[in-house]
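Undergrad: Got a structure here, written out as structure tokens. Questions coming.
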There are 2 protein chains.
Amino acid sequence: MSPRQASSPPLAISGTDLAGMLSTVTALVTRFLDDMPRGPAFDDADQASFMADPSVRQAPGEAGRSLVELLNIVDRAGRIGVNVIAGNSLAYIPGSGLPTSAIADLISGIFNPYTGVGFAAPAMVALEHDVIRWLVDTMGLPKQAGGLLTTGGSMATLSAIACARERHFADKDFSAARIYLTEQAHHCVAKGAQIAGFQQSALRLIPTDRHLRMDIDALSATIRADRDEGLQPFCVVANAGTTNTGAIDPLEAIAAIAQEENLWLHVDGAYGGFFRLTERGRERLRGIEHADSVVLDPHKSMFLPFGTGCLLVRDQGALRRGHGAQQSHYMRDLGDDRPDDFATLGPELTRPNRGLRIWLSLHLHGVAAFRAALDEKLDLAAKAHQALLDVPFVQAFGEPELSIACFHCALPQATLEEENRATEDLVRLVNDRRNVLLSTTDIAGRVVARMAVLSLRTSAETIDRAIADISIAATLIATCSGSGARDVRSGYA
Amino acid sequence: MSPRQASSPPLAISGTDLAGMLSTVTALVTRFLDDMPRGPAFDDADQASFMADPSVRQAPGEAGRSLVELLNIVDRAGRIGVNVIAGNSLAYIPGSGLPTSAIADLISGIFNPYTGVGFAAPAMVALEHDVIRWLVDTMGLPKQAGGLLTTGGSMATLSAIACARERHFADKDFSAARIYLTEQAHHCVAKGAQIAGFQQSALRLIPTDRHLRMDIDALSATIRADRDEGLQPFCVVANAGTTNTGAIDPLEAIAAIAQEENLWLHVDGAYGGFFRLTERGRERLRGIEHADSVVLDPHKSMFLPFGTGCLLVRDQGALRRGHGAQQSHYMRDLGDDRPDDFATLGPELTRPNRGLRIWLSLHLHGVAAFRAALDEKLDLAAKAHQALLDVPFVQAFGEPELSIACFHCALPQATLEEENRATEDLVRLVNDRRNVLLSTTDIAGRVVARMAVLSLRTSAETIDRAIADISIAATLIATCSGSGARDVRSGYA
């Protein structure tokens with residue numbers, strides 16, 4: 001009936017056929033995992049020809065194509081762009097792609113448990129709840145806390161905003177509601193607030209100190225002034241390590257204000273939260289345990305493949321209320337009282353089996369392996385900072401609070417604009433060598449280069465290579481700017 | 001340093017170690033895929049002991065555990081609950097778990113491309129855009145349409161609501177906004193509206209006709225009355241096959257009203273949309289091409305593993321505006337003008353590589369294979385309906401519009417309440433035999449049993465088995481109710 005090629009498998013493939021395909025795929029991913037750690041930080045050699053290749057960019061035909069032909073395309077596609085595997089990406093927040101977690105995804109796809117409701121796949125749902133229990137304990141939240149695995153920090157943040165809004169306003173008008181955050185807060189807070197129906201005026205930016213931490217006196221004063229104007233403060237967003245520089249807001253002081261003022265305390269630990277597994281992180285993140293909600297990104301600091309975030313909420317009931325408790329008629333057999341069903345705790349009815357990708361990796365490697373890896377990242381960022389202090393024409397930002405080391409070009413007699421351009425040039429020069437990949441950020445008008453140390457394979461050698469390339473680029477830029485050398489070695493924060 | 005067991009692999013596993021693990025996992029998933037098609041529709045034999053097993057439900061330790069030990073737990077977990085593989089689940093909307101799609105997830109996890117922005121993984125992003133292009137064409141939307149792959153229909157619906165609201169209200173007050181939908185609309189519309197900040201009063205329920213289709217005269221009248229009251233109609237939600245019974249709203253008539261009244265036309269094709277691949281579906285879904293937004297669930301009618309939904313939007317720019325165009329300082333190197341980046345088109349910044357799980361399956365099997373499978377499901381639902389007409393003490397609902405056949409118990413001299421109880425009893429009796437799994441819904445106070453035919457392996461034999469068990473249960477119930485037989489064979493719709 002259908003013009004299928006002999007080589008195309010049926011949709012309902014047998015176990016034997018699957019085993020054959022998996023052997024082909026195993027060869028592909030094995031080779032990839034062996035090749036990429038030796039690869040450049042960014043590769044676009046094949047990009048133009050890939051994009052223009054009609055055998056690649058064709059619409060699906062009526063008939064199928066061979067697996068080998070398609071996997072060749074996938075292999076090419078995977079090698080174009082940022083190298084996520086090698087650990088030489090220090091730009092943005094680098095990923096890792098923990099392979100044991102990818103294995104869990106294969107199993108989840110084949111088994112395909114429906115984990116939206118406990119009835120359908122009670123054992124898989126239990127494993128996911130066990131993962132959430134561990135996350136709750138790891139962050140020091142109380143027993144009645146609950147959580148939700150999401151695709152990432154943005155979705156988790158949107159849900160947190162919905163929960164906070166529901167607690168304070170329920171089904172009522174919230175046009176006078178105000179959320180407090182610093183300019184260093186991740187943009188997903190503004191994005192989540194917009195999606196949740198807040199006008200831009202609902203976001204109140206609190207100034208930061210020179211360490212980019214929230215000024216708590218300004219927070220208190222702004223809340224007071226807003227109340228005096230008849231506005232309704234209801235939520236404060238604190239950073240447990242900004243994505244930007246790793247800055248940690250004074251969590252305990254903010255928690256005290258939140259309690260006094262009856263605000264929902266949301267803590268963004270998407271990047272930084274898991275450092276609580278380490279002794280240093282535990283110390284620096286003190287206060288996170290007072291949060292009403294915490295966002296974590298296992299695909300960042302637990303090294304998982306992209307697509308796993310987490311929202312923990314002090315009171316699990318708030319998750320359920322924040323996402324409504326609606327259900328459709330065709331779900332009536334499930335009953336109404338399903339407080340632990342992920343479909344009632346979050347915005348999704350159907351969802352992938354997210355728990356297993358954490359559960360398997362966590363139990364297979366053990367917690368100590370993750371702790372050791374995070375400690376190593378803290379060490380490497382400290383090493384990068386120390387090395388930056390000795391690079392000529394470069395000024396290191398203050399000691400990294402977590403694993404992001406920052407710096408900018410410092411040229412004699414240069415204006416801020418000239419230094420900004422020089423810093424952008426430096427990053428471009430470094431990136432063009434492809435040994436490592438850096439990125440820049442903007443701090444109060446100052447362009448700052450970032451070395452974000454979070455990838456699994458980032459090692460001391462990676463840092464040495466980065467510092468070598470930064471030194472060469474800085475010297476080149478200083479030379480070209482025609483100036484004599486001024487050795488600027490002390491951090492300014 | 002870390003107390004890792006000798007058997008635990010390092011986090012940064014080598015290709016060779018990965019190959020070894022994948023061979024163990026291949027054995028697991030192969031066995032699973034061979035076993036499950038012979039399994040019961042629901043299995044809870046191991047549930048109690050799994051839930052109480054301390055070796056299963058333990059928190060992760062400092063040291064790792066062996067892969068084999070963990071995979072044994074996963075294997076047990078996968079066999080408890082609804083059988084998604086066998087095709088004998090006809091409850092809710094059954095899933096399938098297309099294995100070739102699960103393979104794509106394995107590759108995505110290992111390769112771990114960051115597909116939020118085109119810069120990071122341009123080739124993978126291009127493949128995803130190619131998939132979206134195919135989806136746009138398949139639904140008959142115009143060239144300038146764009147889309148977003150999501151985790152499922154609920155997230156896609158939330159995004160559609162955000163886009164519609166942004167077009168009509170931007171950053172302004174929307175407390176007078178009104179959304180029109182029928183009681184048959186999926187509950188994710190109400191849920192999405194709540195998350196997006198709408199009060200419950202924003203939802204206006206339009207009555208349906210006896211086929212459960214939106215009454216368009218009532219729609220027009222309600223819009224007019226609302227405008228007269230100073231309210232602001234802005235969006236209408238039409239069903240392209242309800243999840244409940246497969247009912248299709250009069251899409252062309254609703255589209256005409258939407259155009260006249262300047263409403264955003266949202267079409268829910270989560271379950272039904274892909275039937276447009278078939279000739280019958282194309283005919284029945286006429287008008288879907290006028291939508292401003294369409295939700296599709298590849299994890300339903302393309303048989304993919306759970307976790308892939310889709311939102312198509314007539315004007316791609318609306319996606320971007322609906323989700324804001326914010327970005328954080330640390331993303332400044334990416335520039336501002338990135339209209340095709342998924343991170344600016346949707347709510348997520350980081351996301352799994354969703355495109356590949358559709359791309360690989362679609363190209364490997366070819367479009368004809370999916371069309372044939374959907375045609376088969378239409379045939380099987382029609383067959384189920386025909387067979388139900390001959391089952392004593394059962395009244396079949398009208399001819400299925402798509403692939404859901406409905407019925408209820410019809411007992412002589414029974415009240416509605418008695419019949420409702422009988423229908424629930426019937427489904428319970430059938431489900432207890434475990435040959436198939438059914439579910440019920442509520443249509444205007446009438447409990448109705450559903451046979452949802454959508455799983456890949458649902459076959460004529462599945463339908464025969466279901467009808468046999470329904471017949472036995474119906475007879476048993478009629479006998480127990482002590483009544484003489486009244487043969488009720490004609491559908492009432």
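Chain labels A, B, ... are given in the sequence in which chains occur in the structure tokens; within each chain residues are numbered consecutively from 1, and ligands are likewise numbered from 1 in the order shown.
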So that I can check the surroundings of range 249-262 of chain A, please list as a ChimeraX atom specification every protein, DNA and RNA residue that reaches within 6 Å of it, counting only C-alpha atoms and ignoring chain neighbours fewer than 6 positions away.

TA: /A:213-214,238-239,287

Undergrad: Write out as a count of residues only each polymer residue whose atoms come within 8 Å of Gly15 in chain A, counting only C-alpha atoms; drop sequence neighbours fewer than 3 positions from it.

TA: 8

Undergrad: Work out how far CA of Arg165 in chain A is from CA of Cys235 in chain A, in Å to one decimal.

TA: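 So the answer is 8.2 Å.
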
Undergrad: How far is it from CA of Pro113 in chain A to CA of Val84 in chain A, in Å with one decimal?

TA: 29.1 Å

Undergrad: Please run DSSP on the backbone and report, as a ChimeraX atom specification, all residues within range 132-295 of chain A that come out as alpha helix (DSSP H).

TA: /A:132-138,153-169,187-195,216-228,251-261,279-284

Undergrad: Using Å and a single decimal, report how far CA of Leu311 in chain B sits from CA of Ala372 in chain B.

TA: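 Computing the Euclidean distance for CA of Ala372 in chain B and CA of Leu311 in chain B yields 24.1 Å.
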
Undergrad: Just want the 8 Å neighbourhood of range 405-417 of chain A, counted on only C-alpha atoms, with same-chain residues fewer than 3 positions away dropped. Output as a ChimeraX atom specification.

TA: /A:245,381-382,384-385,388,393-400,420-423,426,446-453,474,478,483-486,488

Undergrad: I'd like the contact shell of range 369-371 of chain A - 8 Å cut-off, only C-alpha atoms, skipping same-chain residues fewer than 5 positions apart - returned as a list of chain:residue names.

TA: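 So the residues in contact are A:Phe275, A:Leu277, A:Thr278, A:Met302, B:Ser2, B:Arg4, B:Pro10, B:Leu11, B:Glu62, B:Ala63.
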
Undergrad: If we count only C-alpha atoms, what is near range 43-45 of chain A at a cut-off of 12 Å, once residues fewer than 2 positions away on the same chain are taken out, given as an MDAnalysis selection string?

TA: (chainID A and resid 36 38:41 47:51 76:84 89 431:437) or (chainID B and resid 119:123)

Undergrad: Residues near Leu158 in chain B, anyone? I mean within 12 Å using only C-alpha atoms, not counting same-chain ones fewer than 3 positions away, as a PyMOL selection string.

TA: (chain A and resi 155+158-159+192+195-197+323+347-349) or (chain B and resi 150-155+161-165+187-198+266+268+293-295+309-311+319+322-323+346-347)

Undergrad: Based on the selection just made, write C-alpha atoms of those residues as a PDB file, in the first residue's frame.

TA:
ATOM      1  CA  MET A 155       9.925  27.192  32.404  1.00  0.00           C
ATOM      2  CA  LEU A 158       7.457  30.942  34.796  1.00  0.00           C
ATOM      3  CA  SER A 159       5.863  28.343  37.058  1.00  0.00           C
ATOM      4  CA  GLY A 192       8.081  34.667  32.571  1.00  0.00           C
ATOM      5  CA  ILE A 195       3.880  35.419  29.734  1.00  0.00           C
ATOM      6  CA  ALA A 196       2.123  35.320  33.110  1.00  0.00           C
ATOM      7  CA  GLY A 197       0.359  38.550  32.217  1.00  0.00           C
ATOM      8  CA  HIS A 323      -1.245  25.579  37.870  1.00  0.00           C
ATOM      9  CA  PRO A 347       1.714  23.327  33.374  1.00  0.00           C
ATOM     10  CA  GLU A 348       2.173  20.163  31.283  1.00  0.00           C
ATOM     11  CA  LEU A 349      -0.348  17.351  30.976  1.00  0.00           C
TER      12      LEU A 349
ATOM     13  CA  THR B 150       7.138  22.054  22.691  1.00  0.00           C
ATOM     14  CA  THR B 151       6.848  19.292  25.255  1.00  0.00           C
ATOM     15  CA  GLY B 152       3.196  18.835  24.419  1.00  0.00           C
ATOM     16  CA  GLY B 153      -0.129  20.422  23.669  1.00  0.00           C
ATOM     17  CA  SER B 154      -0.470  22.175  27.024  1.00  0.00           C
ATOM     18  CA  MET B 155       2.719  24.212  26.615  1.00  0.00           C
ATOM     19  CA  ILE B 161      -2.670  32.284  24.372  1.00  0.00           C
ATOM     20  CA  ALA B 162       0.356  34.483  25.136  1.00  0.00           C
ATOM     21  CA  CYS B 163       0.739  35.301  21.424  1.00  0.00           C
ATOM     22  CA  ALA B 164      -2.928  36.094  20.946  1.00  0.00           C
ATOM     23  CA  ARG B 165      -3.011  38.273  24.059  1.00  0.00           C
ATOM     24  CA  HIS B 187      -8.760  21.797  29.871  1.00  0.00           C
ATOM     25  CA  CYS B 188      -5.284  23.019  28.928  1.00  0.00           C
ATOM     26  CA  VAL B 189      -6.964  26.117  27.473  1.00  0.00           C
ATOM     27  CA  ALA B 190      -8.346  27.065  30.901  1.00  0.00           C
ATOM     28  CA  LYS B 191      -5.060  26.095  32.521  1.00  0.00           C
ATOM     29  CA  GLY B 192      -2.998  28.074  30.037  1.00  0.00           C
ATOM     30  CA  ALA B 193      -5.305  31.068  30.442  1.00  0.00           C
ATOM     31  CA  GLN B 194      -4.891  30.936  34.210  1.00  0.00           C
ATOM     32  CA  ILE B 195      -1.098  30.772  33.958  1.00  0.00           C
ATOM     33  CA  ALA B 196      -1.195  33.630  31.444  1.00  0.00           C
ATOM     34  CA  GLY B 197      -2.983  35.755  34.021  1.00  0.00           C
ATOM     35  CA  PHE B 198      -6.581  35.596  32.831  1.00  0.00           C
ATOM     36  CA  HIS B 266      -6.683  29.116  17.673  1.00  0.00           C
ATOM     37  CA  ASP B 268      -6.572  22.637  18.804  1.00  0.00           C
ATOM     38  CA  SER B 293      -2.344  29.172  15.552  1.00  0.00           C
ATOM     39  CA  VAL B 294      -2.561  25.395  15.507  1.00  0.00           C
ATOM     40  CA  VAL B 295      -1.520  22.977  18.227  1.00  0.00           C
ATOM     41  CA  GLY B 309       4.040  18.945  20.959  1.00  0.00           C
ATOM     42  CA  CYS B 310       3.996  21.728  18.438  1.00  0.00           C
ATOM     43  CA  LEU B 311       2.605  25.203  18.017  1.00  0.00           C
ATOM     44  CA  LEU B 319       5.616  33.995  18.326  1.00  0.00           C
ATOM     45  CA  GLY B 322       4.276  36.777  22.399  1.00  0.00           C
ATOM     46  CA  HIS B 323       7.343  35.592  24.257  1.00  0.00           C
ATOM     47  CA  GLY B 346       9.205  30.452  22.642  1.00  0.00           C
ATOM     48  CA  PRO B 347       9.258  30.542  26.419  1.00  0.00           C
TER      49      PRO B 347
END

Undergrad: Rank B:Lys300, B:Arg224, B:Lys143, B:Arg65 by their smallest atom-to-atom distance to Tyr92 in chain B, using only C-alpha atoms, and report the top residue only.

TA: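 Closest candidate: B:Lys300.
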
Undergrad: Based on the backbone DSSP call, show me all residues of range 221-439 of chain B assigned strand (DSSP E), as a ChimeraX atom specification.

TA: /B:232-239,264-269,293-296,309-313,394-396,404-409,439

Undergrad: Using only C-alpha atoms, which residues sit within 8 Å of Phe306 in chain A once same-chain residues fewer than 2 positions away are excluded, as a PyMOL selection string?

TA: (chain A and resi 95+97+151-152+299-300+304+308) or (chain B and resi 109+112-114+350-353)
